[in-house]
Amino acid sequence: MNKNYEAIITNKWIVSNRGKKNVVDPHLPYTWLVEKEHTISGEIEDTAIIFLTNSECPFHCLMCDLWKNTTDKPVPVGAIPDQIELALAKIPKVKHVKLYNSGSFFDEKAIPEADYKRIASLLKDFETVIVESHPKLINEKCIRFKDMLKPELQVAIGLEIVQPEILKLLNKKMTLEDFSNAVNFLTKNEIQSRAFILLRPPFLSESEGIYWAKKSIDFAFDAGVECCTVIPVRAGNGAMELLMKSGNFSLPSIYSLETVLEYGISLHTGRVFADVWDLELFSRCNKCIDQRINRITNMNLNQRIEKGITCTCHSSTYLF
Ligand code: SF4
Ligand SMILES: [Zn+2]
């Protein structure tokens with residue numbers, strides 16, 4: 001790794017390489033969907049995801065492209081509950097819901113506490129509510145929200161990667177201790193947590209990417225999370241394209257994602273998922289891509305290691 005990158009990767013550099021934001025309406029969620037998930041009780045059940053239109057996250061992580069669907073200014077009090085109400089009116093009745101706000105649910109400038117009561121009331125018929133947050137924004141507000149909420153609350157936190165130098169370069173402004181403290185705080189207050197883990201962030205080779213993703217799963221479970229989601233790193237925000245051009249970032253392969261998912265599931269410590277969005281990006285083989293996507297989807301849903309796929313491009317075998 002080129003040491004100069006520590007000086008180069010700043011908020012200013014990341015923001016200056018971005019493209020334009022999409023036009024969004026603070027009174028409308030920018031999308032919603034329903035997907036199946038292996039739930040904590042072991043069932044495969046529908047889970048709604050509402051992608052809320054919210055103000056831009058104050059952090060500027062190197063790999064993040066969530067700013068694309070955000071506003072420059074905080075949304076008014078009432079806008080987030082309005083968006084939830086609108087989405088729920090269109091979504092079929094399901095037991096679980098994820099509220100993703102392109103930042104941290106517990107960021108006062110994103111979702112004001114004045115909105116919690118109405119949000120909790122709108123969510124009263126769900127069994128589980130999952131929100132996301134930066135670890136430094138986990139505090140007493142989480143407890144106040146949990147106390148208003150009838151469903152179980154789970155907070156998803158980006159651990160990203162436990163390689164300390166790379167974590168620093170991701171510009172997330174967090175340490176491993178921040179992550180552990182946040183998970184500890186939530187656990188003590190009977191709030192579950194899940195970790196987002198990156199597969200092959202910049203400055204790592206393919207094998208290092210696999211190694212550190214596995215280590216990150218170990219760390220997250222040791223810290224006390226109930227569930228891990230492994231996300232293969234993509235480009236798409238300007239900075240990542242530049243790192244790709246300079247040879248400091250390459251997309252991970254779908255085989256590596258299979259390997260890390262196999263590893264996580266084999267631990268039998270908690271649920272482990274692979275992010276399946278746009279998986280075609282991570283394969284150059286048209287012959288086996290559909291089979292591999294199916295394999296990963298089935299492993300996600302069943303939390304069992306599926307038979308490996310043999311193809312001229314690669315054989316999925318247990319590499320751990
Ligand atoms: S904390 Fe999350 S939403 Fe904010 S910039 Fe980082 S990855 Fe993106
Ligand atoms: Zn193939």
# chains A, B, ... in the order shown; residues from 1 in each chain; ligands from 1
>>> residues_around(residues="range 42-46 of chain A", least_positions_apart="3", cutoff="12 Å", atoms="only C-alpha atoms", output="list in words")
Leu33, Val34, Glu35, Lys36, Glu37, His38, Thr39, Ile49, Ile91, Pro92, Lys93, Val94, Lys95, His96, Val97, Lys98, Phe126, Glu127, Thr128, Gly270, Arg271, Thr297, Asn298, Met299, Asn300, Leu301, Asn302, Gln303 and Arg304 of chain A
>>> write_last_selection(atoms="N, CA and C atoms", output="PDB file, in the first residue's frame")
ATOM      1  N   LEU A  33     -38.899  -2.247  -1.024  1.00  0.00           N
ATOM      2  CA  LEU A  33     -39.014  -3.577  -1.621  1.00  0.00           C
ATOM      3  C   LEU A  33     -39.277  -4.587  -0.505  1.00  0.00           C
ATOM      4  N   VAL A  34     -39.619  -5.796  -0.923  1.00  0.00           N
ATOM      5  CA  VAL A  34     -39.802  -6.888   0.045  1.00  0.00           C
ATOM      6  C   VAL A  34     -38.892  -8.020  -0.387  1.00  0.00           C
ATOM      7  N   GLU A  35     -38.103  -8.528   0.539  1.00  0.00           N
ATOM      8  CA  GLU A  35     -37.211  -9.647   0.217  1.00  0.00           C
ATOM      9  C   GLU A  35     -37.350 -10.709   1.299  1.00  0.00           C
ATOM     10  N   LYS A  36     -36.912 -11.909   0.947  1.00  0.00           N
ATOM     11  CA  LYS A  36     -36.994 -12.987   1.936  1.00  0.00           C
ATOM     12  C   LYS A  36     -35.718 -12.992   2.771  1.00  0.00           C
ATOM     13  N   GLU A  37     -35.862 -13.299   4.058  1.00  0.00           N
ATOM     14  CA  GLU A  37     -34.674 -13.401   4.916  1.00  0.00           C
ATOM     15  C   GLU A  37     -34.874 -14.571   5.876  1.00  0.00           C
ATOM     16  N   HIS A  38     -33.768 -15.239   6.184  1.00  0.00           N
ATOM     17  CA  HIS A  38     -33.782 -16.281   7.212  1.00  0.00           C
ATOM     18  C   HIS A  38     -33.844 -15.535   8.546  1.00  0.00           C
ATOM     19  N   THR A  39     -34.955 -15.695   9.255  1.00  0.00           N
ATOM     20  CA  THR A  39     -35.134 -14.879  10.457  1.00  0.00           C
ATOM     21  C   THR A  39     -34.431 -15.516  11.652  1.00  0.00           C
ATOM     22  N   ILE A  49     -38.062  -3.566   3.109  1.00  0.00           N
ATOM     23  CA  ILE A  49     -36.994  -2.573   3.288  1.00  0.00           C
ATOM     24  C   ILE A  49     -37.520  -1.251   2.742  1.00  0.00           C
ATOM     25  N   ILE A  91     -46.909  -1.553   0.767  1.00  0.00           N
ATOM     26  CA  ILE A  91     -46.199  -2.818   0.958  1.00  0.00           C
ATOM     27  C   ILE A  91     -47.165  -3.865   1.502  1.00  0.00           C
ATOM     28  N   PRO A  92     -47.083  -5.110   1.017  1.00  0.00           N
ATOM     29  CA  PRO A  92     -47.952  -6.136   1.613  1.00  0.00           C
ATOM     30  C   PRO A  92     -47.611  -6.353   3.085  1.00  0.00           C
ATOM     31  N   LYS A  93     -48.525  -6.931   3.821  1.00  0.00           N
ATOM     32  CA  LYS A  93     -48.312  -7.113   5.266  1.00  0.00           C
ATOM     33  C   LYS A  93     -47.189  -8.129   5.501  1.00  0.00           C
ATOM     34  N   VAL A  94     -46.142  -7.710   6.173  1.00  0.00           N
ATOM     35  CA  VAL A  94     -45.013  -8.592   6.491  1.00  0.00           C
ATOM     36  C   VAL A  94     -44.665  -8.408   7.969  1.00  0.00           C
ATOM     37  N   LYS A  95     -43.828  -9.313   8.503  1.00  0.00           N
ATOM     38  CA  LYS A  95     -43.552  -9.249   9.951  1.00  0.00           C
ATOM     39  C   LYS A  95     -42.328  -8.413  10.310  1.00  0.00           C
ATOM     40  N   HIS A  96     -41.463  -8.186   9.325  1.00  0.00           N
ATOM     41  CA  HIS A  96     -40.183  -7.539   9.635  1.00  0.00           C
ATOM     42  C   HIS A  96     -39.958  -6.356   8.697  1.00  0.00           C
ATOM     43  N   VAL A  97     -39.331  -5.323   9.222  1.00  0.00           N
ATOM     44  CA  VAL A  97     -39.066  -4.157   8.367  1.00  0.00           C
ATOM     45  C   VAL A  97     -37.682  -3.583   8.655  1.00  0.00           C
ATOM     46  N   LYS A  98     -36.999  -3.202   7.580  1.00  0.00           N
ATOM     47  CA  LYS A  98     -35.721  -2.498   7.716  1.00  0.00           C
ATOM     48  C   LYS A  98     -35.955  -1.064   7.276  1.00  0.00           C
ATOM     49  N   PHE A 126     -45.335  -4.798  13.550  1.00  0.00           N
ATOM     50  CA  PHE A 126     -44.218  -5.645  13.103  1.00  0.00           C
ATOM     51  C   PHE A 126     -43.658  -6.448  14.277  1.00  0.00           C
ATOM     52  N   GLU A 127     -42.918  -7.514  13.927  1.00  0.00           N
ATOM     53  CA  GLU A 127     -42.209  -8.281  14.976  1.00  0.00           C
ATOM     54  C   GLU A 127     -40.788  -7.763  15.156  1.00  0.00           C
ATOM     55  N   THR A 128     -40.194  -7.318  14.042  1.00  0.00           N
ATOM     56  CA  THR A 128     -38.799  -6.852  14.098  1.00  0.00           C
ATOM     57  C   THR A 128     -38.634  -5.565  13.300  1.00  0.00           C
ATOM     58  N   GLY A 270     -24.132 -17.377  14.456  1.00  0.00           N
ATOM     59  CA  GLY A 270     -25.255 -16.470  14.220  1.00  0.00           C
ATOM     60  C   GLY A 270     -25.542 -16.508  12.730  1.00  0.00           C
ATOM     61  N   ARG A 271     -26.539 -15.731  12.324  1.00  0.00           N
ATOM     62  CA  ARG A 271     -26.851 -15.712  10.880  1.00  0.00           C
ATOM     63  C   ARG A 271     -25.752 -14.976  10.123  1.00  0.00           C
ATOM     64  N   THR A 297     -27.876 -17.243  -2.812  1.00  0.00           N
ATOM     65  CA  THR A 297     -29.229 -16.936  -2.319  1.00  0.00           C
ATOM     66  C   THR A 297     -29.738 -18.072  -1.429  1.00  0.00           C
ATOM     67  N   ASN A 298     -29.512 -19.309  -1.873  1.00  0.00           N
ATOM     68  CA  ASN A 298     -29.972 -20.448  -1.060  1.00  0.00           C
ATOM     69  C   ASN A 298     -29.207 -20.541   0.258  1.00  0.00           C
ATOM     70  N   MET A 299     -27.904 -20.241   0.220  1.00  0.00           N
ATOM     71  CA  MET A 299     -27.131 -20.279   1.480  1.00  0.00           C
ATOM     72  C   MET A 299     -27.643 -19.198   2.426  1.00  0.00           C
ATOM     73  N   ASN A 300     -27.960 -18.021   1.875  1.00  0.00           N
ATOM     74  CA  ASN A 300     -28.538 -16.957   2.701  1.00  0.00           C
ATOM     75  C   ASN A 300     -29.837 -17.430   3.360  1.00  0.00           C
ATOM     76  N   LEU A 301     -30.692 -18.023   2.538  1.00  0.00           N
ATOM     77  CA  LEU A 301     -32.032 -18.365   3.034  1.00  0.00           C
ATOM     78  C   LEU A 301     -32.023 -19.550   3.987  1.00  0.00           C
ATOM     79  N   ASN A 302     -31.164 -20.530   3.689  1.00  0.00           N
ATOM     80  CA  ASN A 302     -31.197 -21.759   4.496  1.00  0.00           C
ATOM     81  C   ASN A 302     -30.142 -21.785   5.588  1.00  0.00           C
ATOM     82  N   GLN A 303     -29.164 -20.873   5.488  1.00  0.00           N
ATOM     83  CA  GLN A 303     -28.053 -20.856   6.453  1.00  0.00           C
ATOM     84  C   GLN A 303     -27.378 -22.221   6.525  1.00  0.00           C
ATOM     85  N   ARG A 304     -27.239 -22.819   5.331  1.00  0.00           N
ATOM     86  CA  ARG A 304     -26.569 -24.109   5.182  1.00  0.00           C
ATOM     87  C   ARG A 304     -25.647 -24.000   3.992  1.00  0.00           C
TER      88      ARG A 304
END
>>> residues_near_ligand(ligand="ligand 1", cutoff="6 Å", atoms="only C-alpha atoms and all ligand atoms", output="list in words")
Cys57, Phe59, His60, Cys61, Cys64, Leu66, Ser102, Gly103, His134 and Lys172 of chain A
>>> residues_around(residues="range 135-151 of chain A", least_positions_apart="2", cutoff="9 Å", atoms="only C-alpha atoms", output="PyMOL selection string")
chain A and resi 96+104-107+113+116-117+119-121+123-129+133+153+155+157-159+173-174+178-183+185-186+189-191
>>> write_last_selection(atoms="C-alpha atoms", output="short mmCIF file (atom, residue, chain, number, x, y, z; two decimals), in the first residue's frame")
data_model
loop_
_atom_site.label_atom_id
_atom_site.label_comp_id
_atom_site.auth_asym_id
_atom_site.auth_seq_id
_atom_site.Cartn_x
_atom_site.Cartn_y
_atom_site.Cartn_z
CA HIS A 96 -40.18 -7.54 9.64
CA SER A 104 -27.60 6.77 10.88
CA PHE A 105 -31.10 6.42 12.27
CA PHE A 106 -29.89 7.89 15.57
CA ASP A 107 -28.33 10.99 14.00
CA GLU A 113 -36.22 12.44 18.22
CA TYR A 116 -39.75 8.62 17.23
CA LYS A 117 -43.21 8.37 18.79
CA ILE A 119 -42.52 6.10 13.86
CA ALA A 120 -42.97 3.63 16.74
CA SER A 121 -46.72 3.83 16.42
CA LEU A 123 -44.40 0.10 13.29
CA LYS A 124 -46.47 -1.39 16.12
CA ASP A 125 -47.68 -4.40 14.11
CA PHE A 126 -44.22 -5.65 13.10
CA GLU A 127 -42.21 -8.28 14.98
CA THR A 128 -38.80 -6.85 14.10
CA VAL A 129 -37.51 -3.42 13.16
CA SER A 133 -26.25 3.52 12.60
CA LEU A 153 -35.19 -3.58 17.63
CA VAL A 155 -29.32 -2.05 14.88
CA ILE A 157 -23.59 -1.23 12.24
CA GLY A 158 -20.84 -1.09 9.64
CA LEU A 159 -17.81 -2.85 11.06
CA LYS A 173 -13.72 7.82 11.69
CA MET A 174 -14.24 4.80 13.90
CA ASP A 178 -15.94 2.11 18.96
CA PHE A 179 -17.64 -0.85 17.28
CA SER A 180 -17.25 -3.14 20.30
CA ASN A 181 -18.45 -0.43 22.68
CA ALA A 182 -21.52 0.22 20.53
CA VAL A 183 -22.42 -3.49 20.36
CA PHE A 185 -24.05 -0.87 24.88
CA LEU A 186 -26.84 -2.28 22.71
CA ASN A 189 -29.81 -2.68 26.83
CA GLU A 190 -31.37 -5.74 25.19
CA ILE A 191 -31.07 -4.41 21.67
#
>>> residues_near_ligand(ligand="ligand 2", cutoff="7 Å", atoms="only C-alpha atoms and all ligand atoms", output="NGL selection string")
:A and (285-289 or 311-314)
>>> closest_residue(among="A:Leu122, A:Leu28, A:Leu243, A:Ala235", to="Asp65 in chain A", atoms="only C-alpha atoms")
A:Ala235
>>> select_by_dssp(residues="range 61-280 of chain A", states="helix (DSSP H, G or I)", output="number ranges by chain")
A: 66-69, 79-90, 113-122, 135-137, 140-148, 164-169, 176-188, 206-223, 239-245, 254-267, 279-280
>>> closest_residue(among="A:Asn22, A:Thr187, A:Asn69, A:Asn4", to="Phe51 in chain A", atoms="only C-alpha atoms")
A:Asn69
>>> residues_around(residues="range 209-219 of chain A", least_positions_apart="5", cutoff="8 Å", atoms="only C-alpha atoms", output="PyMOL selection string")
chain A and resi 159-163+197-201+204+228+230+252+256-257+259-260+263-264
>>> atom_distance(atom1="CA of Phe221 in chain A", atom2="CA of Tyr255 in chain A")
23.0 Å
>>> atom_distance(atom1="CA of Pro202 in chain A", atom2="CA of Ile8 in chain A")
13.7 Å
>>> residues_around(residues="Asn184 in chain A", least_positions_apart="4", cutoff="8 Å", atoms="only C-alpha atoms", output="list in words")
Ser180, Lys188, Ala223 and Gly224 of chain A
>>> atom_distance(atom1="CA of Ala156 in chain A", atom2="CA of Val272 in chain A")
12.9 Å
>>> select_by_dssp(residues="range 107-181 of chain A", states="strand (DSSP E)", output="list in words")
Thr128, Val129, Ile130, Val131, Glu132, Glu152, Leu153, Gln154, Val155, Ala156, Ile157, Gly158, Leu159 and Glu160 of chain A
>>> closest_atom_pairs(of="range 213-268 of chain A", to="range 13-17 of chain A", cutoff="12 Å", atoms="only C-alpha atoms", output="CSV")
residue,atom,partner,partner_atom,distance
A:Gly236,CA,A:Asn17,CA,10.7
A:Asn237,CA,A:Asn17,CA,7.6
A:Gly238,CA,A:Asn17,CA,5.0
A:Ala239,CA,A:Asn17,CA,5.6
A:Met240,CA,A:Ile14,CA,8.9
A:Glu241,CA,A:Asn17,CA,9.3
A:Leu242,CA,A:Asn17,CA,8.5
A:Leu243,CA,A:Ile14,CA,11.1
>>> closest_residue(among="A:Val276, A:Ile40, A:Thr70, A:Asn248", to="Lys20 in chain A", atoms="only C-alpha atoms")
A:Thr70
